file structure.cif (mmCIF, C-alpha atoms)
data_data
loop_
_atom_site.label_atom_id
_atom_site.label_comp_id
_atom_site.auth_asym_id
_atom_site.auth_seq_id
_atom_site.Cartn_x
_atom_site.Cartn_y
_atom_site.Cartn_z
CA MET B 1 139.07 149.79 39.62
CA HIS B 2 138.24 148.48 43.09
CA SER B 3 140.69 145.74 44.06
CA GLY B 4 138.43 144.19 46.68
CA ARG B 5 139.51 143.24 50.16
CA PRO B 6 142.02 140.59 51.28
CA THR B 7 140.43 137.37 52.47
CA PRO B 8 141.74 134.84 54.98
CA PRO B 9 142.44 131.28 53.83
CA LEU B 10 139.62 128.76 53.91
CA HIS B 11 139.57 125.40 55.66
CA VAL B 12 138.21 123.14 52.92
CA LEU B 13 136.90 119.65 53.69
CA VAL B 14 136.88 117.43 50.58
CA ALA B 15 134.51 114.48 51.08
CA PRO B 16 133.31 112.91 47.81
CA ASP B 17 132.05 109.46 46.91
CA ALA B 18 133.46 107.51 43.98
CA PHE B 19 132.49 108.29 40.41
CA LYS B 20 131.18 104.76 39.90
CA GLY B 21 132.77 102.87 37.05
CA SER B 22 135.42 105.54 36.66
CA LEU B 23 137.29 106.83 39.71
CA THR B 24 137.53 105.86 43.37
CA ALA B 25 136.54 108.28 46.10
CA VAL B 26 140.21 108.64 46.98
CA GLU B 27 141.05 109.62 43.39
CA VAL B 28 138.14 112.07 43.19
CA ALA B 29 139.10 113.69 46.50
CA GLN B 30 142.68 114.16 45.36
CA ALA B 31 141.56 115.62 42.02
CA LEU B 32 139.25 118.12 43.72
CA ALA B 33 141.99 119.12 46.15
CA ASP B 34 144.59 119.54 43.40
CA GLY B 35 142.26 121.62 41.27
CA TRP B 36 141.23 123.79 44.21
CA ARG B 37 144.82 124.52 45.23
CA ARG B 38 145.74 125.81 41.77
CA ALA B 39 143.84 129.04 42.39
CA ARG B 40 143.88 129.04 46.19
CA PRO B 41 147.21 127.52 47.30
CA GLY B 42 146.93 129.16 50.71
CA ASP B 43 143.79 127.26 51.74
CA GLU B 44 144.03 124.38 54.17
CA VAL B 45 142.55 121.36 52.39
CA ARG B 46 141.65 118.15 54.22
CA LEU B 47 140.69 114.99 52.34
CA SER B 48 137.99 112.70 53.72
CA PRO B 49 136.84 110.38 50.90
CA LEU B 50 133.52 108.63 51.58
CA ALA B 51 131.34 105.76 50.43
CA ASP B 52 127.79 104.57 51.03
CA GLY B 53 128.69 101.12 52.35
CA GLY B 54 128.92 99.61 48.88
CA GLU B 55 131.87 99.22 46.57
CA GLY B 56 134.72 101.52 47.57
CA THR B 57 133.96 101.51 51.29
CA ILE B 58 137.24 99.86 52.27
CA ALA B 59 139.22 102.20 50.01
CA ALA B 60 137.56 105.22 51.60
CA VAL B 61 137.98 104.08 55.19
CA SER B 62 141.55 102.90 54.71
CA ALA B 63 142.46 106.46 53.70
CA ALA B 64 141.83 107.36 57.34
CA SER B 65 144.53 106.47 59.85
CA GLY B 66 144.46 103.52 62.21
CA TRP B 67 143.23 100.77 59.89
CA THR B 68 145.17 97.76 58.62
CA ARG B 69 144.20 95.88 55.47
CA LEU B 70 144.46 92.13 56.02
CA PRO B 71 144.27 89.38 53.39
CA ALA B 72 141.62 86.68 53.41
CA ALA B 73 140.95 83.71 51.16
CA GLY B 74 137.63 84.29 49.46
CA ARG B 75 135.63 83.11 46.48
CA ASP B 76 134.03 85.11 43.72
CA PRO B 77 130.26 84.97 43.01
CA LEU B 78 130.75 81.83 40.90
CA GLY B 79 132.77 80.03 43.56
CA ARG B 80 136.23 80.51 42.11
CA GLU B 81 139.11 81.08 44.55
CA LEU B 82 139.83 84.75 45.02
CA PRO B 83 142.29 86.78 47.13
CA ALA B 84 140.10 89.07 49.25
CA HIS B 85 140.71 91.42 52.16
CA PHE B 86 139.13 93.29 55.07
CA LEU B 87 140.08 96.13 57.41
CA ARG B 88 140.94 95.79 61.07
CA ALA B 89 141.70 98.21 63.90
CA GLY B 90 141.95 96.39 67.21
CA ASP B 91 138.77 94.38 67.63
CA ARG B 92 136.94 96.43 64.98
CA GLY B 93 136.66 95.27 61.41
CA ILE B 94 135.11 96.17 58.07
CA VAL B 95 134.10 93.71 55.36
CA GLU B 96 132.89 94.97 51.99
CA LEU B 97 130.57 92.50 50.25
CA ALA B 98 131.62 93.75 46.80
CA VAL B 99 135.23 92.67 47.40
CA ALA B 100 134.33 89.01 46.97
CA SER B 101 130.70 88.96 45.81
CA GLY B 102 130.54 92.11 43.72
CA LEU B 103 129.29 92.42 40.17
CA SER B 104 132.66 93.95 39.30
CA ARG B 105 134.24 90.56 40.01
CA LEU B 106 132.63 89.15 36.87
CA ASP B 107 133.03 89.93 33.20
CA HIS B 108 129.79 91.04 31.58
CA ASP B 109 129.26 87.68 29.87
CA GLU B 110 129.89 85.83 33.17
CA ARG B 111 126.95 87.33 35.03
CA ASP B 112 124.87 84.50 36.42
CA PRO B 113 122.04 85.80 38.62
CA LEU B 114 120.59 82.33 39.20
CA ASN B 115 123.75 80.75 40.60
CA ALA B 116 125.82 83.65 41.98
CA SER B 117 126.51 83.26 45.70
CA THR B 118 127.63 85.34 48.68
CA PHE B 119 129.63 82.40 50.06
CA GLY B 120 132.92 84.18 49.37
CA THR B 121 131.86 87.14 51.51
CA GLY B 122 130.94 84.71 54.26
CA LEU B 123 134.47 83.31 54.17
CA VAL B 124 135.88 86.82 54.64
CA VAL B 125 133.47 87.50 57.52
CA ALA B 126 134.51 84.22 59.15
CA ALA B 127 138.19 85.07 58.70
CA ALA B 128 137.75 88.49 60.32
CA ILE B 129 135.93 86.99 63.29
CA GLY B 130 138.54 84.25 63.54
CA LEU B 131 141.24 86.90 63.85
CA GLY B 132 139.51 88.59 66.77
CA VAL B 133 137.14 91.12 65.20
CA ARG B 134 134.21 91.59 67.55
CA SER B 135 132.70 94.83 66.24
CA LEU B 136 132.08 94.20 62.55
CA VAL B 137 130.71 96.46 59.83
CA LEU B 138 129.45 94.65 56.74
CA GLY B 139 129.09 97.06 53.82
CA LEU B 140 126.48 96.02 51.27
CA GLY B 141 126.11 97.18 47.70
CA GLY B 142 127.27 96.29 44.22
CA SER B 143 126.50 92.59 44.60
CA ALA B 144 126.27 90.09 41.74
CA THR B 145 124.00 87.91 43.86
CA THR B 146 120.34 87.26 44.64
CA ASP B 147 120.76 84.42 47.10
CA GLY B 148 119.25 86.07 50.19
CA GLY B 149 122.63 85.93 51.92
CA SER B 150 122.37 82.15 52.07
CA GLY B 151 126.01 81.90 50.98
CA ILE B 152 127.15 83.99 53.95
CA LEU B 153 125.04 81.94 56.33
CA THR B 154 126.47 78.75 54.85
CA ALA B 155 130.01 79.99 55.50
CA LEU B 156 128.98 80.70 59.10
CA GLY B 157 127.72 77.15 59.61
CA ALA B 158 124.12 77.02 58.38
CA ARG B 159 122.86 74.26 56.08
CA PHE B 160 120.09 74.63 53.49
CA LEU B 161 118.50 71.30 52.67
CA ASP B 162 116.14 69.90 50.06
CA ALA B 163 113.36 67.39 50.73
CA ALA B 164 115.87 64.52 50.59
CA GLY B 165 118.03 66.16 53.25
CA ASP B 166 120.79 67.05 50.80
CA ASP B 167 122.59 70.41 50.78
CA LEU B 168 121.39 72.76 48.09
CA PRO B 169 123.91 74.07 45.57
CA PRO B 170 124.88 77.72 45.94
CA GLY B 171 122.90 80.55 44.40
CA GLY B 172 119.42 81.99 44.53
CA ALA B 173 117.67 79.70 42.04
CA SER B 174 118.27 76.55 44.10
CA LEU B 175 116.30 78.06 47.01
CA ARG B 176 113.13 77.04 45.15
CA GLN B 177 113.92 73.51 46.37
CA LEU B 178 114.53 74.56 49.97
CA ASP B 179 112.70 72.26 52.40
CA SER B 180 114.45 72.97 55.71
CA VAL B 181 117.32 74.88 57.25
CA ASP B 182 119.69 73.58 59.91
CA LEU B 183 121.13 76.39 62.03
CA SER B 184 122.67 74.16 64.68
CA GLY B 185 126.11 74.58 63.13
CA ILE B 186 126.13 78.37 63.37
CA ALA B 187 129.40 79.33 65.03
CA PRO B 188 128.84 80.08 68.76
CA VAL B 189 131.41 82.88 68.56
CA LEU B 190 128.80 85.04 66.81
CA SER B 191 127.35 85.70 70.26
CA GLU B 192 130.45 87.84 70.92
CA VAL B 193 130.14 89.83 67.67
CA HIS B 194 128.39 93.18 67.30
CA LEU B 195 127.31 93.37 63.66
CA THR B 196 126.38 96.54 61.81
CA VAL B 197 124.97 96.19 58.30
CA ALA B 198 125.81 99.35 56.35
CA SER B 199 123.26 99.82 53.58
CA ASP B 200 121.20 102.61 52.05
CA VAL B 201 118.79 100.27 50.26
CA THR B 202 115.23 100.43 51.59
CA ASN B 203 113.63 97.80 49.32
CA PRO B 204 111.80 94.82 50.84
CA LEU B 205 112.82 91.29 50.00
CA LEU B 206 109.94 90.36 47.70
CA GLY B 207 107.56 91.69 45.08
CA GLU B 208 107.74 94.43 42.49
CA LEU B 209 109.97 96.54 44.72
CA GLY B 210 111.97 93.57 45.95
CA ALA B 211 115.53 92.35 45.50
CA ALA B 212 114.96 90.35 42.30
CA ALA B 213 112.62 92.78 40.52
CA VAL B 214 114.56 95.99 41.17
CA TYR B 215 118.17 94.85 41.16
CA GLY B 216 118.01 91.58 39.21
CA PRO B 217 118.19 93.19 35.75
CA GLN B 218 121.52 94.91 36.44
CA LYS B 219 122.88 91.53 37.51
CA GLY B 220 121.84 89.97 34.20
CA ALA B 221 118.43 88.53 35.13
CA LYS B 222 115.82 88.32 32.38
CA GLU B 223 112.08 88.61 33.06
CA ALA B 224 111.54 84.87 33.59
CA GLU B 225 114.60 84.67 35.82
CA ILE B 226 113.38 87.57 37.92
CA ALA B 227 110.11 85.74 38.57
CA LEU B 228 112.02 82.55 39.40
CA LEU B 229 114.33 84.35 41.84
CA ASP B 230 111.45 86.16 43.52
CA ALA B 231 109.65 82.84 44.04
CA ALA B 232 112.86 81.28 45.37
CA LEU B 233 113.35 84.12 47.84
CA GLU B 234 109.75 83.77 48.97
CA ARG B 235 110.36 80.07 49.70
CA TYR B 236 113.59 81.01 51.48
CA ALA B 237 111.79 83.56 53.65
CA THR B 238 109.03 81.09 54.52
CA VAL B 239 111.47 78.40 55.68
CA LEU B 240 113.70 80.80 57.60
CA GLU B 241 110.76 82.50 59.30
CA HIS B 242 109.39 79.11 60.36
CA ALA B 243 112.78 77.98 61.67
CA THR B 244 113.61 81.16 63.60
CA GLY B 245 110.25 82.68 64.46
CA ARG B 246 111.50 85.99 63.05
CA SER B 247 109.75 87.95 60.31
CA ILE B 248 112.18 89.00 57.57
CA ARG B 249 110.29 89.43 54.30
CA SER B 250 108.68 92.80 54.91
CA ILE B 251 111.44 94.49 56.91
CA ARG B 252 112.52 97.76 55.33
CA GLY B 253 115.85 97.21 53.59
CA SER B 254 115.68 93.41 53.69
CA GLY B 255 116.17 93.31 49.90
CA ALA B 256 119.64 94.86 50.04
CA ALA B 257 122.42 93.05 48.15
CA GLY B 258 120.08 90.46 46.68
CA GLY B 259 118.33 89.87 49.99
CA THR B 260 121.51 89.51 52.05
CA THR B 261 120.03 91.66 54.80
CA ALA B 262 117.04 89.30 55.02
CA GLY B 263 119.27 86.31 55.65
CA LEU B 264 121.24 88.13 58.33
CA LEU B 265 118.03 89.35 59.97
CA ALA B 266 116.97 85.72 60.34
CA ILE B 267 119.96 85.02 62.61
CA ALA B 268 120.14 88.48 64.21
CA ASP B 269 119.63 87.02 67.68
CA ARG B 270 122.80 84.93 67.29
CA PHE B 271 124.91 88.11 67.45
CA ALA B 272 125.77 90.14 70.55
CA SER B 273 123.96 92.99 68.78
CA PHE B 274 122.64 93.62 65.30
CA GLU B 275 121.69 96.84 63.55
CA ILE B 276 121.10 98.18 60.06
CA ARG B 277 122.33 101.72 59.44
CA PRO B 278 122.65 104.05 56.44
CA GLY B 279 125.98 103.33 54.86
CA VAL B 280 127.11 106.91 54.45
CA GLU B 281 126.54 107.59 58.16
CA VAL B 282 128.63 104.57 59.12
CA VAL B 283 131.48 105.56 56.81
CA MET B 284 131.37 109.15 58.09
CA GLU B 285 131.87 107.84 61.62
CA LEU B 286 134.68 105.52 60.59
CA THR B 287 136.55 108.30 58.78
CA GLY B 288 136.10 111.03 61.41
CA PHE B 289 133.98 113.25 59.17
CA ALA B 290 132.17 114.99 62.05
CA GLU B 291 135.44 116.03 63.69
CA ALA B 292 136.78 117.34 60.38
CA LEU B 293 133.57 119.27 59.74
CA VAL B 294 134.00 121.27 62.96
CA ASP B 295 137.13 122.92 61.59
CA ALA B 296 135.85 123.34 58.02
CA SER B 297 134.67 126.62 56.54
CA LEU B 298 133.62 125.00 53.24
CA VAL B 299 132.71 121.45 52.20
CA LEU B 300 133.29 119.90 48.77
CA THR B 301 131.63 116.62 47.86
CA GLY B 302 130.62 114.81 44.71
CA GLU B 303 129.71 111.61 42.87
CA GLY B 304 129.24 110.44 39.32
CA ARG B 305 125.68 111.63 38.84
CA ILE B 306 123.56 114.06 40.84
CA ASP B 307 119.91 113.53 39.92
CA ASP B 308 116.50 112.78 41.41
CA GLN B 309 117.95 109.67 43.09
CA THR B 310 120.29 111.88 45.11
CA GLY B 311 117.41 112.50 47.49
CA HIS B 312 117.24 108.78 48.36
CA GLY B 313 120.25 108.46 50.62
CA LYS B 314 123.19 108.93 48.27
CA THR B 315 126.48 110.13 49.67
CA VAL B 316 126.28 113.74 48.50
CA LEU B 317 122.92 114.09 50.22
CA GLY B 318 124.37 112.86 53.50
CA VAL B 319 127.28 115.27 53.23
CA ALA B 320 125.02 118.20 52.30
CA GLN B 321 122.74 117.42 55.23
CA LYS B 322 125.63 117.37 57.70
CA ALA B 323 127.04 120.58 56.23
CA ALA B 324 123.65 122.30 56.51
CA GLN B 325 123.27 121.22 60.13
CA ALA B 326 126.71 122.66 60.88
CA ARG B 327 125.93 125.83 58.87
CA ARG B 328 128.77 125.19 56.46
CA PRO B 329 128.41 125.97 52.73
CA CYS B 330 128.56 122.88 50.53
CA ILE B 331 129.48 122.50 46.86
CA CYS B 332 128.64 119.20 45.15
CA PHE B 333 130.50 118.15 41.99
CA GLY B 334 128.87 115.66 39.65
CA GLY B 335 129.90 113.94 36.45
CA SER B 336 126.48 115.15 35.42
CA VAL B 337 124.01 117.30 37.35
CA THR B 338 120.33 117.29 36.41
CA PRO B 339 117.76 119.97 37.29
CA ALA B 340 116.10 117.49 39.66
CA GLY B 341 119.43 116.95 41.40
CA MET B 342 119.95 120.69 41.72
CA ARG B 343 116.54 121.03 43.35
CA VAL B 344 117.35 118.32 45.89
CA LEU B 345 120.57 120.09 46.86
CA ALA B 346 118.93 123.52 46.95
CA THR B 347 116.62 122.39 49.75
CA LEU B 348 119.76 122.08 51.88
CA GLY B 349 121.40 125.28 50.70
CA ALA B 350 123.97 123.33 48.65
CA VAL B 351 124.79 123.82 44.99
CA GLY B 352 125.68 121.33 42.26
CA VAL B 353 128.55 121.89 39.82
CA PRO B 354 128.77 119.71 36.70
CA VAL B 355 132.18 118.37 35.81
CA THR B 356 131.38 117.80 32.13
CA GLU B 357 132.69 120.51 29.84
CA GLY B 358 130.61 119.81 26.74
CA PRO B 359 128.58 117.09 24.99
CA ALA B 360 130.19 113.71 25.66
CA THR B 361 129.23 110.07 25.93
CA LEU B 362 129.62 108.24 29.24
CA GLU B 363 132.57 106.35 27.78
CA GLU B 364 134.24 109.63 26.77
CA GLN B 365 133.68 111.03 30.26
CA ILE B 366 135.24 107.94 31.83
CA GLN B 367 138.23 108.10 29.50
CA ALA B 368 138.78 111.77 30.41
CA GLY B 369 139.83 110.66 33.91
CA ILE B 370 140.58 113.18 36.64
CA ALA B 371 141.41 116.21 34.48
CA PRO B 372 137.81 117.56 34.14
CA ILE B 373 137.33 117.20 37.92
CA GLU B 374 140.49 119.17 38.59
CA ARG B 375 139.43 121.90 36.16
CA ALA B 376 135.93 122.08 37.69
CA ALA B 377 137.45 122.56 41.14
CA ASP B 378 139.84 125.18 39.76
CA ARG B 379 137.00 127.17 38.17
CA THR B 380 134.92 126.96 41.31
CA SER B 381 137.75 128.08 43.58
CA ARG B 382 138.36 131.09 41.35
CA LEU B 383 134.68 131.98 41.58
CA VAL B 384 134.83 131.69 45.37
CA SER B 385 137.87 133.96 45.40
CA LEU B 386 136.07 136.51 43.25
CA VAL B 387 132.98 136.55 45.47
CA ARG B 388 135.02 136.75 48.67
CA SER B 389 136.98 139.71 47.31
CA LEU B 390 133.91 141.83 46.64
CA PRO B 391 133.54 144.89 48.89
CA GLU B 392 131.00 144.43 51.65
CA ASN B 393 129.14 147.69 50.99
CA GLY B 394 128.96 147.73 47.22
CA PRO B 395 131.32 149.50 44.81
CA GLY B 396 133.40 152.42 45.97
CA PRO B 397 133.28 155.91 44.47
CA ALA B 398 133.95 156.23 40.77
#
call {"tool": "encode", "arguments": {"input": "structure.cif", "output": "C-alpha cells"}}
result
Amino acid sequence: MHSGRPTPPLHVLVAPDAFKGSLTAVEVAQALADGWRRARPGDEVRLSPLADGGEGTIAAVSAASGWTRLPAAGRDPLGRELPAHFLRAGDRGIVELAVASGLSRLDHDERDPLNASTFGTGLVVAAAIGLGVRSLVLGLGGSATTDGGSGILTALGARFLDAAGDDLPPGGASLRQLDSVDLSGIAPVLSEVHLTVASDVTNPLLGELGAAAVYGPQKGAKEAEIALLDAALERYATVLEHATGRSIRSIRGSGAAGGTTAGLLAIADRFASFEIRPGVEVVMELTGFAEALVDASLVLTGEGRIDDQTGHGKTVLGVAQKAAQARRPCICFGGSVTPAGMRVLATLGAVGVPVTEGPATLEEQIQAGIAPIERAADRTSRLVSLVRSLPENGPGPA
C-alpha cells in the first residue's frame, strides 16, 4: 500500500466569531485549535478571535496584545447602576454598546422596548473620553434599545425637551413627545475625538426595513409597539434634522442598534472625524488579522449558523473574502450549515463544515459546549492530512 509523501507543517490561522448564545469567539478559537492539534500537533496554530462590532467585540480584541480593560460606571437599559468597562491602548479606545445597553443585560421578562435607553453606553463613552481616549471605536449590535441613540447623546450633554420645555424620560417611546433638542451642552472635547462606528447593519432608521420594524420584535416589541416606536423615531429624526441641518433618516445603516447610528450622525460634525465602517473589518484591523494572514497557509473560521444571511456581512464572510484575496484556503465551521450558506462560501472558494453530529435541538447544541467543535476540527484536520499525503501523480504501481 502506498504510504503517501511526508508533508511540511501548516501555519493555521484560527479566526472565528462567537457562537451566539453559547460560546465566545475566544472559546471557539481555542476549541478549534485544540481539536486541530490532536491530529496535527506539528502545525503552527495562531488564534485571532473576531467579532462583527456587536457583542463579544471587546473579548475578541482584548485577546490581542496591547489593550487594557478599564472599569467604568454604567447603567443597564432600564437605568439601573451597572459595572461596565472599555478597552484602551494609549489614546485609542473601544466601547461595546452591548456591555451596558445590550439585550443580554436583561432577563427575558424584563425586556422593555418602549423605555430601554442607551444612556449607560453614553456614560461609558464619556468615561473613555474623560480618560484621554481620542480615537474611539463604538461597536454596535445586540442592543435592547430603540431610542435612536438619544441616551448616548444625553450622556454627552444633549437635552431632549417636550413642548413645556421639560426633559423627556429615557427610552424610545417618549420621543413621540419631542418638541425641541438643545445641543448647546454637548461636550466641546468631542472636537478632539475621532469616532468610528463599527456596524454591519445596513437598515435605514424608519419604515418596514427600519430599526423598529426589523429589530423591535427581538427586543420584545409587539406590533402596536413597533408602530409607536417607528412614529417616535420619525419625530426624533424630524427634530434633529431641523436642529442640525443634517439628513439622518435615510442614511444607509442609520437604523443600527435601535437607531443609535442616526443619533450619532446628527452630531457627526461635533467630532474631529466620524465614519461608519463594517464591524468585522474594524475588528480585523484591531487584532492584526492582515499581518497574521500573510504567514498563514490555511484559515479556520466559524460562527453559530452559516446560512443565507452569511452573505450579508457576517464575520465568516469577511474572513473568507480576505482569505480568497490572499489565495489562502478557508474552512468555515458552523453550529449548523445550510445549503444556502454553503453556496455563499463556495463563491469564495471556501467550504462549510457543520459542527452538529446528529439531530439535536438548539438547547442541546448549546449544552454540548466546546466538545463538538473540537471533534469537528479533529475530523477536518485528519482529512487535510489524508489529502496532503496523497501522491502527486496518482497511485504507484501495484
call {"tool": "resolve_selection", "arguments": {"input": "structure.cif", "expression": "the PyMOL selection byres ((chain B and resi 299) around 9)", "output": "list of chain:residue names"}}
result
B:His11, B:Val12, B:Leu13, B:Val14, B:Ala15, B:Leu293, B:Ala296, B:Ser297, B:Leu298, B:Leu300, B:Thr301, B:Val319, B:Ala320, B:Ala323, B:Arg328, B:Pro329, B:Cys330, B:Ile331, B:Cys332
call {"tool": "closest_residue", "arguments": {"input": "structure.cif", "among": "B:Gly148, B:Pro354, B:Thr260, B:Leu23", "to": "Gly171 in chain B", "atoms": "all atoms listed in the file"}}
result
B:Gly148
call {"tool": "closest_residue", "arguments": {"input": "structure.cif", "among": "B:Asp378, B:Leu390, B:Ser385, B:Glu225", "to": "Asp34 in chain B", "atoms": "all atoms listed in the file"}}
result
B:Asp378
call {"tool": "resolve_selection", "arguments": {"input": "structure.cif", "expression": "the PyMOL selection byres ((chain B and resi 263) around 8)", "output": "MDAnalysis selection string"}}
result
chainID B and resid 148:150 153 248 259:262 264:267
call {"tool": "write_last_selection", "arguments": {"input": "structure.cif", "atoms": "C-alpha atoms", "output": "compact mmCIF listing (two decimals), in the coordinates of the input"}}
result
# COMPACT_ATOMS: atom_id res chain seq x y z
CA GLY B 148 119.25 86.07 50.19
CA GLY B 149 122.63 85.93 51.92
CA SER B 150 122.37 82.15 52.07
CA LEU B 153 125.04 81.94 56.33
CA ILE B 248 112.18 89.00 57.57
CA GLY B 259 118.33 89.87 49.99
CA THR B 260 121.51 89.51 52.05
CA THR B 261 120.03 91.66 54.80
CA ALA B 262 117.04 89.30 55.02
CA LEU B 264 121.24 88.13 58.33
CA LEU B 265 118.03 89.35 59.97
CA ALA B 266 116.97 85.72 60.34
CA ILE B 267 119.96 85.02 62.61
call {"tool": "resolve_selection", "arguments": {"input": "structure.cif", "expression": "the PyMOL selection byres ((chain B and resi 209) around 12)", "output": "ChimeraX atom specification"}}
result
/B:201-208,210-216,226,230,249-250,252-256,258-259
call {"tool": "decode", "arguments": {"input": "structure.cif", "residues": "range 215-234 of chain B", "atoms": "N, CA and C atoms", "output": "PDB file, in the first residue's frame"}}
result
ATOM      1  N   TYR B 215     -35.861  45.049  13.993  1.00  0.00           N
ATOM      2  CA  TYR B 215     -35.197  44.579  15.207  1.00  0.00           C
ATOM      3  C   TYR B 215     -36.047  44.704  16.468  1.00  0.00           C
ATOM      4  N   GLY B 216     -37.157  45.430  16.382  1.00  0.00           N
ATOM      5  CA  GLY B 216     -38.020  45.581  17.546  1.00  0.00           C
ATOM      6  C   GLY B 216     -38.545  44.274  18.111  1.00  0.00           C
ATOM      7  N   PRO B 217     -39.006  43.340  17.262  1.00  0.00           N
ATOM      8  CA  PRO B 217     -39.564  42.095  17.799  1.00  0.00           C
ATOM      9  C   PRO B 217     -38.593  41.316  18.683  1.00  0.00           C
ATOM     10  N   GLN B 218     -37.310  41.263  18.323  1.00  0.00           N
ATOM     11  CA  GLN B 218     -36.367  40.507  19.139  1.00  0.00           C
ATOM     12  C   GLN B 218     -36.073  41.204  20.459  1.00  0.00           C
ATOM     13  N   LYS B 219     -36.476  42.479  20.551  1.00  0.00           N
ATOM     14  CA  LYS B 219     -36.301  43.217  21.799  1.00  0.00           C
ATOM     15  C   LYS B 219     -37.576  43.215  22.641  1.00  0.00           C
ATOM     16  N   GLY B 220     -38.592  42.498  22.138  1.00  0.00           N
ATOM     17  CA  GLY B 220     -39.832  42.349  22.891  1.00  0.00           C
ATOM     18  C   GLY B 220     -40.982  43.202  22.419  1.00  0.00           C
ATOM     19  N   ALA B 221     -40.816  43.941  21.318  1.00  0.00           N
ATOM     20  CA  ALA B 221     -41.863  44.851  20.848  1.00  0.00           C
ATOM     21  C   ALA B 221     -42.964  44.090  20.119  1.00  0.00           C
ATOM     22  N   LYS B 222     -44.204  44.359  20.513  1.00  0.00           N
ATOM     23  CA  LYS B 222     -45.367  43.820  19.810  1.00  0.00           C
ATOM     24  C   LYS B 222     -45.707  44.724  18.631  1.00  0.00           C
ATOM     25  N   GLU B 223     -46.683  44.312  17.827  1.00  0.00           N
ATOM     26  CA  GLU B 223     -47.000  45.046  16.597  1.00  0.00           C
ATOM     27  C   GLU B 223     -47.344  46.502  16.861  1.00  0.00           C
ATOM     28  N   ALA B 224     -48.203  46.749  17.863  1.00  0.00           N
ATOM     29  CA  ALA B 224     -48.588  48.133  18.170  1.00  0.00           C
ATOM     30  C   ALA B 224     -47.401  48.941  18.673  1.00  0.00           C
ATOM     31  N   GLU B 225     -46.512  48.287  19.427  1.00  0.00           N
ATOM     32  CA  GLU B 225     -45.339  48.987  19.949  1.00  0.00           C
ATOM     33  C   GLU B 225     -44.350  49.310  18.838  1.00  0.00           C
ATOM     34  N   ILE B 226     -44.258  48.427  17.859  1.00  0.00           N
ATOM     35  CA  ILE B 226     -43.387  48.693  16.716  1.00  0.00           C
ATOM     36  C   ILE B 226     -43.845  49.948  15.986  1.00  0.00           C
ATOM     37  N   ALA B 227     -45.147  50.055  15.755  1.00  0.00           N
ATOM     38  CA  ALA B 227     -45.687  51.243  15.087  1.00  0.00           C
ATOM     39  C   ALA B 227     -45.431  52.492  15.914  1.00  0.00           C
ATOM     40  N   LEU B 228     -45.603  52.380  17.234  1.00  0.00           N
ATOM     41  CA  LEU B 228     -45.371  53.522  18.124  1.00  0.00           C
ATOM     42  C   LEU B 228     -43.906  53.955  18.062  1.00  0.00           C
ATOM     43  N   LEU B 229     -42.996  52.993  18.133  1.00  0.00           N
ATOM     44  CA  LEU B 229     -41.568  53.324  18.110  1.00  0.00           C
ATOM     45  C   LEU B 229     -41.147  53.915  16.766  1.00  0.00           C
ATOM     46  N   ASP B 230     -41.699  53.399  15.687  1.00  0.00           N
ATOM     47  CA  ASP B 230     -41.363  53.939  14.369  1.00  0.00           C
ATOM     48  C   ASP B 230     -41.816  55.385  14.259  1.00  0.00           C
ATOM     49  N   ALA B 231     -43.022  55.674  14.762  1.00  0.00           N
ATOM     50  CA  ALA B 231     -43.516  57.057  14.750  1.00  0.00           C
ATOM     51  C   ALA B 231     -42.662  57.949  15.638  1.00  0.00           C
ATOM     52  N   ALA B 232     -42.225  57.418  16.788  1.00  0.00           N
ATOM     53  CA  ALA B 232     -41.382  58.198  17.693  1.00  0.00           C
ATOM     54  C   ALA B 232     -40.028  58.510  17.053  1.00  0.00           C
ATOM     55  N   LEU B 233     -39.462  57.532  16.361  1.00  0.00           N
ATOM     56  CA  LEU B 233     -38.188  57.761  15.683  1.00  0.00           C
ATOM     57  C   LEU B 233     -38.333  58.745  14.529  1.00  0.00           C
ATOM     58  N   GLU B 234     -39.498  58.728  13.883  1.00  0.00           N
ATOM     59  CA  GLU B 234     -39.719  59.696  12.809  1.00  0.00           C
ATOM     60  C   GLU B 234     -39.765  61.115  13.380  1.00  0.00           C
TER      61      GLU B 234
END
